[in-house]
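Okay, model-v2.cif now, which holds mmCIF, C-alpha atoms:
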```cif
data_start
#
loop_
_atom_site.label_atom_id
_atom_site.label_comp_id
_atom_site.auth_asym_id
_atom_site.auth_seq_id
_atom_site.Cartn_x
_atom_site.Cartn_y
_atom_site.Cartn_z
CA MET A 1 142.21 -10.83 35.59
CA GLU A 2 140.63 -9.70 32.27
CA ARG A 3 137.88 -7.64 33.92
CA ALA A 4 140.04 -6.31 36.75
CA ARG A 5 139.53 -2.71 37.86
CA PRO A 6 142.24 -0.30 36.62
CA GLU A 7 143.38 0.64 40.15
CA PHE A 8 143.82 -3.03 41.05
CA LEU A 9 145.58 -3.78 37.77
CA ILE A 10 147.99 -0.86 38.19
CA ARG A 11 148.80 -2.00 41.73
CA ALA A 12 149.28 -5.65 40.73
CA LEU A 13 151.51 -4.71 37.77
CA THR A 14 153.55 -2.38 40.00
CA VAL A 15 154.22 -5.19 42.47
CA ALA A 16 155.12 -7.58 39.60
CA VAL A 17 157.51 -5.00 38.08
CA ILE A 18 159.30 -4.57 41.43
CA VAL A 19 159.52 -8.31 42.22
CA PHE A 20 160.84 -9.34 38.79
CA ASN A 21 163.27 -6.42 38.64
CA VAL A 22 164.82 -7.13 42.04
CA SER A 23 165.05 -10.90 41.55
CA GLY A 24 166.40 -10.52 37.98
CA ASN A 25 169.11 -8.06 39.06
CA TYR A 26 170.04 -10.23 42.04
CA PHE A 27 170.44 -13.36 39.88
CA LEU A 28 172.51 -11.38 37.33
CA ASP A 29 174.76 -9.99 40.06
CA VAL A 30 175.44 -13.44 41.50
CA GLY A 31 176.04 -14.78 37.97
CA MET A 32 178.44 -12.00 36.93
CA ARG A 33 180.47 -12.50 40.11
CA SER A 34 181.19 -16.07 39.06
CA VAL A 35 181.82 -15.21 35.36
CA GLY A 36 184.44 -12.55 36.11
CA GLU A 37 185.48 -9.33 34.39
CA ILE A 38 184.30 -8.50 30.85
CA VAL A 39 184.53 -5.08 29.24
CA SER A 40 184.50 -5.74 25.54
CA LEU A 41 182.94 -4.71 22.26
CA SER A 42 183.01 -8.26 20.91
CA PRO A 43 179.61 -10.01 21.13
CA LEU A 44 181.39 -13.37 21.60
CA ASP A 45 182.63 -12.30 25.03
CA TYR A 46 179.07 -11.62 26.09
CA LEU A 47 177.77 -14.93 24.72
CA ARG A 48 180.10 -16.68 27.15
CA VAL A 49 178.04 -15.42 30.11
CA PHE A 50 174.93 -17.24 28.84
CA GLY A 51 176.52 -20.53 29.86
CA ASN A 52 175.97 -19.49 33.45
CA ALA A 53 172.65 -20.70 34.97
CA TRP A 54 172.37 -17.66 37.28
CA VAL A 55 172.78 -15.27 34.33
CA VAL A 56 170.23 -17.18 32.22
CA SER A 57 167.68 -17.17 35.08
CA GLY A 58 168.33 -13.47 35.63
CA VAL A 59 167.75 -12.71 31.94
CA LEU A 60 164.48 -14.72 31.94
CA LEU A 61 163.24 -12.86 35.04
CA LEU A 62 164.14 -9.53 33.41
CA LEU A 63 162.19 -10.52 30.26
CA ILE A 64 159.06 -11.05 32.40
CA TRP A 65 159.86 -7.74 34.09
CA LEU A 66 159.93 -6.07 30.67
CA LEU A 67 156.46 -7.34 29.71
CA CYS A 68 155.04 -6.18 33.07
CA GLN A 69 156.76 -2.80 32.75
CA LEU A 70 155.36 -2.26 29.21
CA SER A 71 151.85 -3.27 30.34
CA LEU A 72 152.10 -0.89 33.31
CA LEU A 73 153.24 1.95 31.03
CA SER A 74 150.12 1.41 28.90
CA TRP A 75 148.05 2.32 32.00
CA ALA A 76 150.12 4.85 33.93
CA ASP A 77 152.41 7.89 33.43
CA LEU A 78 156.17 7.41 33.14
CA THR A 79 156.62 10.00 35.95
CA TYR A 80 154.38 7.80 38.12
CA VAL A 81 155.86 4.40 37.20
CA LEU A 82 159.49 5.46 37.50
CA PRO A 83 159.56 6.76 41.11
CA ILE A 84 157.14 4.10 42.40
CA THR A 85 159.08 1.17 40.98
CA SER A 86 162.31 2.56 42.51
CA VAL A 87 161.25 0.62 45.62
CA SER A 88 163.27 -2.04 43.80
CA TYR A 89 166.49 -0.13 44.68
CA VAL A 90 165.53 -0.35 48.35
CA LEU A 91 164.91 -4.10 48.07
CA THR A 92 168.17 -4.50 46.09
CA ALA A 93 170.10 -2.73 48.87
CA VAL A 94 168.42 -4.92 51.48
CA ALA A 95 169.06 -8.08 49.43
CA GLY A 96 172.73 -7.04 48.98
CA ALA A 97 173.05 -6.60 52.76
CA LEU A 98 171.25 -9.83 53.64
CA PHE A 99 172.41 -12.32 51.01
CA LEU A 100 175.60 -10.91 49.42
CA LYS A 101 176.89 -9.54 52.76
CA GLU A 102 177.49 -6.06 51.26
CA HIS A 103 178.04 -3.38 53.88
CA VAL A 104 175.12 -0.93 54.23
CA SER A 105 176.37 2.37 55.68
CA ALA A 106 174.33 5.00 57.54
CA ALA A 107 174.29 7.13 54.35
CA ARG A 108 172.80 4.24 52.42
CA TRP A 109 170.07 3.74 55.01
CA LEU A 110 169.36 7.51 54.69
CA GLY A 111 169.12 6.98 50.91
CA VAL A 112 166.69 4.13 51.48
CA SER A 113 164.45 6.34 53.65
CA LEU A 114 164.52 9.19 51.07
CA ILE A 115 163.40 6.75 48.36
CA VAL A 116 160.58 5.41 50.52
CA THR A 117 159.44 9.01 51.26
CA GLY A 118 159.58 9.88 47.54
CA VAL A 119 157.57 6.80 46.65
CA MET A 120 154.90 7.72 49.21
CA VAL A 121 154.67 11.29 47.82
CA VAL A 122 154.28 10.11 44.19
CA GLY A 123 151.98 7.25 45.24
CA ARG A 124 149.40 9.83 46.32
CA THR A 125 149.16 11.34 42.81
CA CYS A 126 146.80 10.14 40.08
CA PRO A 127 148.60 7.41 38.07
CA ARG A 128 147.48 8.68 34.67
CA THR A 129 147.45 12.39 33.70
CA ALA A 130 148.54 12.20 30.06
CA PRO A 131 145.83 12.28 27.37
CA GLU A 132 145.08 8.86 25.86
CA LYS A 133 146.88 9.17 22.52
CA ALA A 134 148.96 12.29 23.18
CA GLY A 135 152.70 12.74 23.26
CA ARG A 136 153.37 12.86 19.54
CA PRO A 137 156.79 14.55 19.33
CA MET B 138 185.78 3.36 31.89
CA LYS B 139 183.35 3.02 34.80
CA TRP B 140 181.86 6.47 34.18
CA LEU B 141 181.71 6.06 30.39
CA LEU B 142 179.58 2.97 30.95
CA VAL B 143 177.41 4.95 33.42
CA LEU B 144 176.88 7.66 30.75
CA ILE B 145 175.85 5.07 28.14
CA ILE B 146 173.46 3.44 30.63
CA VAL B 147 171.82 6.76 31.63
CA LEU B 148 171.32 7.95 28.02
CA CYS B 149 169.98 4.61 26.79
CA ASN B 150 167.73 4.15 29.85
CA THR B 151 166.16 7.55 29.29
CA ALA B 152 165.65 7.03 25.55
CA GLY B 153 164.35 3.51 26.14
CA ASP B 154 161.75 4.47 28.78
CA VAL B 155 160.46 7.46 26.81
CA LEU B 156 160.18 5.43 23.56
CA ASN B 157 158.49 2.54 25.40
CA THR B 158 155.96 4.83 27.10
CA PHE B 159 155.17 6.52 23.79
CA GLY B 160 154.87 3.18 22.02
CA MET B 161 152.62 1.67 24.71
CA ARG B 162 150.29 4.67 24.57
CA ARG B 163 149.88 4.16 20.84
CA HIS B 164 149.37 0.45 21.46
CA GLY B 165 146.58 1.05 23.97
CA LYS B 166 145.93 -0.42 27.41
CA VAL B 167 146.97 -4.03 28.02
CA ARG B 168 143.90 -5.68 29.58
CA GLU B 169 144.45 -9.42 29.15
CA PHE B 170 147.24 -11.56 30.55
CA HIS B 171 146.45 -15.16 29.64
CA PRO B 172 149.01 -16.94 27.41
CA SER B 173 147.27 -16.42 24.04
CA ALA B 174 146.71 -12.72 24.82
CA LEU B 175 150.40 -12.38 25.75
CA ARG B 176 151.37 -13.99 22.42
CA ARG B 177 149.22 -11.42 20.60
CA LEU B 178 150.76 -8.67 22.73
CA LEU B 179 154.28 -9.80 21.74
CA ALA B 180 153.31 -9.96 18.05
CA SER B 181 151.82 -6.49 18.21
CA LEU B 182 154.84 -5.08 20.08
CA ALA B 183 157.17 -6.55 17.44
CA ARG B 184 155.44 -4.33 14.86
CA ASN B 185 155.53 -1.26 17.11
CA GLY B 186 158.49 0.85 15.93
CA TYR B 187 158.64 2.96 19.12
CA VAL B 188 158.71 -0.07 21.41
CA MET B 189 161.29 -1.76 19.17
CA GLY B 190 163.44 1.39 19.29
CA GLY B 191 163.02 1.37 23.07
CA MET B 192 164.13 -2.29 23.13
CA VAL B 193 167.30 -1.46 21.18
CA ALA B 194 168.12 1.35 23.62
CA MET B 195 167.43 -0.93 26.60
CA ALA B 196 169.51 -3.74 25.08
CA ILE B 197 172.51 -1.39 24.77
CA SER B 198 171.92 -0.21 28.32
CA PHE B 199 171.65 -3.84 29.50
CA PHE B 200 174.98 -4.91 27.97
CA ALA B 201 176.65 -1.77 29.32
CA LEU B 202 175.24 -2.70 32.75
CA LEU B 203 176.58 -6.26 32.43
CA SER B 204 180.04 -4.85 31.71
CA LEU B 205 179.75 -2.39 34.57
CA LEU B 206 178.68 -5.16 36.98
CA SER B 207 181.77 -7.16 36.03
CA ILE B 208 184.11 -4.32 37.07
CA ALA B 209 182.05 -2.66 39.83
CA GLU B 210 179.63 -3.68 42.57
CA LEU B 211 175.87 -3.63 42.07
CA SER B 212 175.77 -1.04 44.86
CA PHE B 213 177.87 1.29 42.67
CA ALA B 214 176.24 0.40 39.36
CA ILE B 215 172.58 0.96 40.20
CA PRO B 216 172.90 4.27 42.13
CA ALA B 217 175.23 5.76 39.51
CA THR B 218 172.41 5.61 37.02
CA SER B 219 170.09 7.80 39.14
CA ALA B 220 170.67 10.83 36.85
CA SER B 221 168.17 9.31 34.44
CA TYR B 222 165.31 10.39 36.79
CA LEU B 223 165.98 14.04 36.01
CA PHE B 224 166.13 13.56 32.22
CA GLU B 225 163.11 11.26 32.17
CA THR B 226 160.94 13.63 34.23
CA ILE B 227 161.77 16.55 31.90
CA LEU B 228 161.16 14.50 28.73
CA ALA B 229 157.90 13.05 30.14
CA LYS B 230 156.62 16.57 30.75
CA TYR B 231 157.51 17.97 27.33
CA LEU B 232 157.40 14.97 24.96
CA LEU B 233 154.79 12.78 26.67
CA SER B 234 152.49 15.64 27.87
CA GLU B 235 152.34 14.32 31.45
CA GLU B 236 151.18 16.70 34.18
CA VAL B 237 154.24 16.90 36.40
CA HIS B 238 152.92 18.59 39.56
CA TRP B 239 155.12 19.51 42.51
CA GLN B 240 154.39 16.15 44.15
CA ARG B 241 155.89 14.36 41.16
CA TRP B 242 158.97 16.63 41.12
CA LEU B 243 159.40 16.28 44.88
CA GLY B 244 158.97 12.49 44.69
CA ALA B 245 161.33 12.09 41.73
CA GLY B 246 163.87 14.39 43.44
CA LEU B 247 163.72 12.48 46.74
CA VAL B 248 164.07 9.17 44.90
CA ALA B 249 167.02 10.43 42.80
CA CYS B 250 168.82 11.78 45.92
CA GLY B 251 168.06 8.55 47.75
CA VAL B 252 169.39 6.41 44.90
CA GLY B 253 172.50 8.65 44.73
CA LEU B 254 173.09 8.17 48.47
CA LEU B 255 172.94 4.39 48.08
CA SER B 256 176.40 4.51 46.47
CA VAL B 257 178.06 6.28 49.44
#
```
Would you encode the structure as structure tokens?
Amino acid sequence: MERARPEFLIRALTVAVIVFNVSGNYFLDVGMRSVGEIVSLSPLDYLRVFGNAWVVSGVLLLLIWLLCQLSLLSWADLTYVLPITSVSYVLTAVAGALFLKEHVSAARWLGVSLIVTGVMVVGRTCPRTAPEKAGRP
Amino acid sequence: MKWLLVLIIVLCNTAGDVLNTFGMRRHGKVREFHPSALRRLLASLARNGYVMGGMVAMAISFFALLSLLSIAELSFAIPATSASYLFETILAKYLLSEEVHWQRWLGAGLVACGVGLLSV
């Protein structure tokens, strides 16, 4: 992995970002359904959710996602990473339909196809256009 | 309440992604992924003020998302945050000096519309 070519590395990190994002969000969603409603400013109310195994697994998956996302951002533009990794929304919609039995309307399938088209358009651009150390505000 | 949480999530997402991208550029490319390299990466990120700022923004966004998920479905929560594509593309162009050609605008626009439609 250390000597991997940049194009391969960018592709592998992109896949990892998508997989960990979708699985993390799915686990969190299942967990929050069993925990019930919390809208609160007190940190104690949020600590309660960490007793739930689904929530804990979801958080761990999202931590791995974060490391992959940061590594990917060290190689590629934000305006490349962001649209490409939105494939995760498509997979989330599909996972919601398949496993959580959420209804997927015709409009949502249209949304899915727009995202896929957008991903294909951005996927044809060069992943990195920004200068190496630029972007100082 | 639903929409206030959406606003917090969009603003913190945008700030978090831009700060993280900026921080990772200063950090340099991540080339190694074995456990000891990842430990060094974590130690170096902990001293990176931009990435830490990005983490704070993402943590706020994460807890707002947890709250939102407890009162709304995932299929409302995720699409409602699609506005961040617009802000992030603009900030990437002007703050991060990325070349945002028409393909990138078209792609980001299609994705944002698509994500918006997911909530219908």
Check your understanding: Counting only C-alpha atoms, which residues from chain B have an atom at most 7 Å from any atom of chain A, and could you show them as a ChimeraX atom specification?
Key -> /B:157-159,161-163,165-169,204,206-208,211,226,229,232-236,240-241,243-245,247-248,250-252,254-257
Could you tell me which residues the PyMOL selection byres ((chain B and resi 140-149) around 7) returns for this structure, as a tab-separated table (two decimals) with C-alpha atoms, in the coordinates of the input?
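The resulting file, expr_18.tsv, is reproduced below:
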```
chain	number	residue	atom	x	y	z
B	138	MET	CA	185.78	3.36	31.89
B	139	LYS	CA	183.35	3.02	34.80
B	150	ASN	CA	167.73	4.15	29.85
B	151	THR	CA	166.16	7.55	29.29
B	152	ALA	CA	165.65	7.03	25.55
B	153	GLY	CA	164.35	3.51	26.14
B	194	ALA	CA	168.12	1.35	23.62
B	195	MET	CA	167.43	-0.93	26.60
B	197	ILE	CA	172.51	-1.39	24.77
B	198	SER	CA	171.92	-0.21	28.32
B	201	ALA	CA	176.65	-1.77	29.32
B	202	LEU	CA	175.24	-2.70	32.75
B	205	LEU	CA	179.75	-2.39	34.57
B	217	ALA	CA	175.23	5.76	39.51
B	218	THR	CA	172.41	5.61	37.02
B	220	ALA	CA	170.67	10.83	36.85
B	221	SER	CA	168.17	9.31	34.44
```
Point to revise | Which residue of A:Ile18, A:Ser88, A:Leu13, A:Phe27 approaches Leu100 (chain A) most closely, using only C-alpha atoms | key: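 When distances to Leu100 (chain A) are compared using only C-alpha atoms, the smallest one comes from A:Phe27.
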Review point. How many Å separate CA of His171 (chain B) from CA of Val188 (chain B)?
Key: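 For CA of His171 (chain B) relative to CA of Val188 (chain B), the distance reads 21.1 Å.
In this model, the gap between CA of Phe50 (chain A) and CA of Phe199 (chain B) comes to 13.8 Å.
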Practice item. Would you work out the distance separating CA of Leu203 (chain B) from CA of Phe20 (chain A), expressed in Å to one decimal? Key: 17.3 Å
Practice item. Have a look at B:Tyr222, B:Ala214, B:Trp239, B:Met192 and name the one nearest to Thr85 (chain A); count only C-alpha atoms. Key: B:Tyr222
Take every atom of region 124-133 of chain A listed in the file, pad by 6 Å on each side, and give me the axis-aligned box centre and edge lengths in Å, one decimal, as lines of an AutoDock Vina configuration file.
```
center_x = 147.2
center_y = 9.9
center_z = 34.4
size_x = 16.3
size_y = 17.0
size_z = 35.8
```
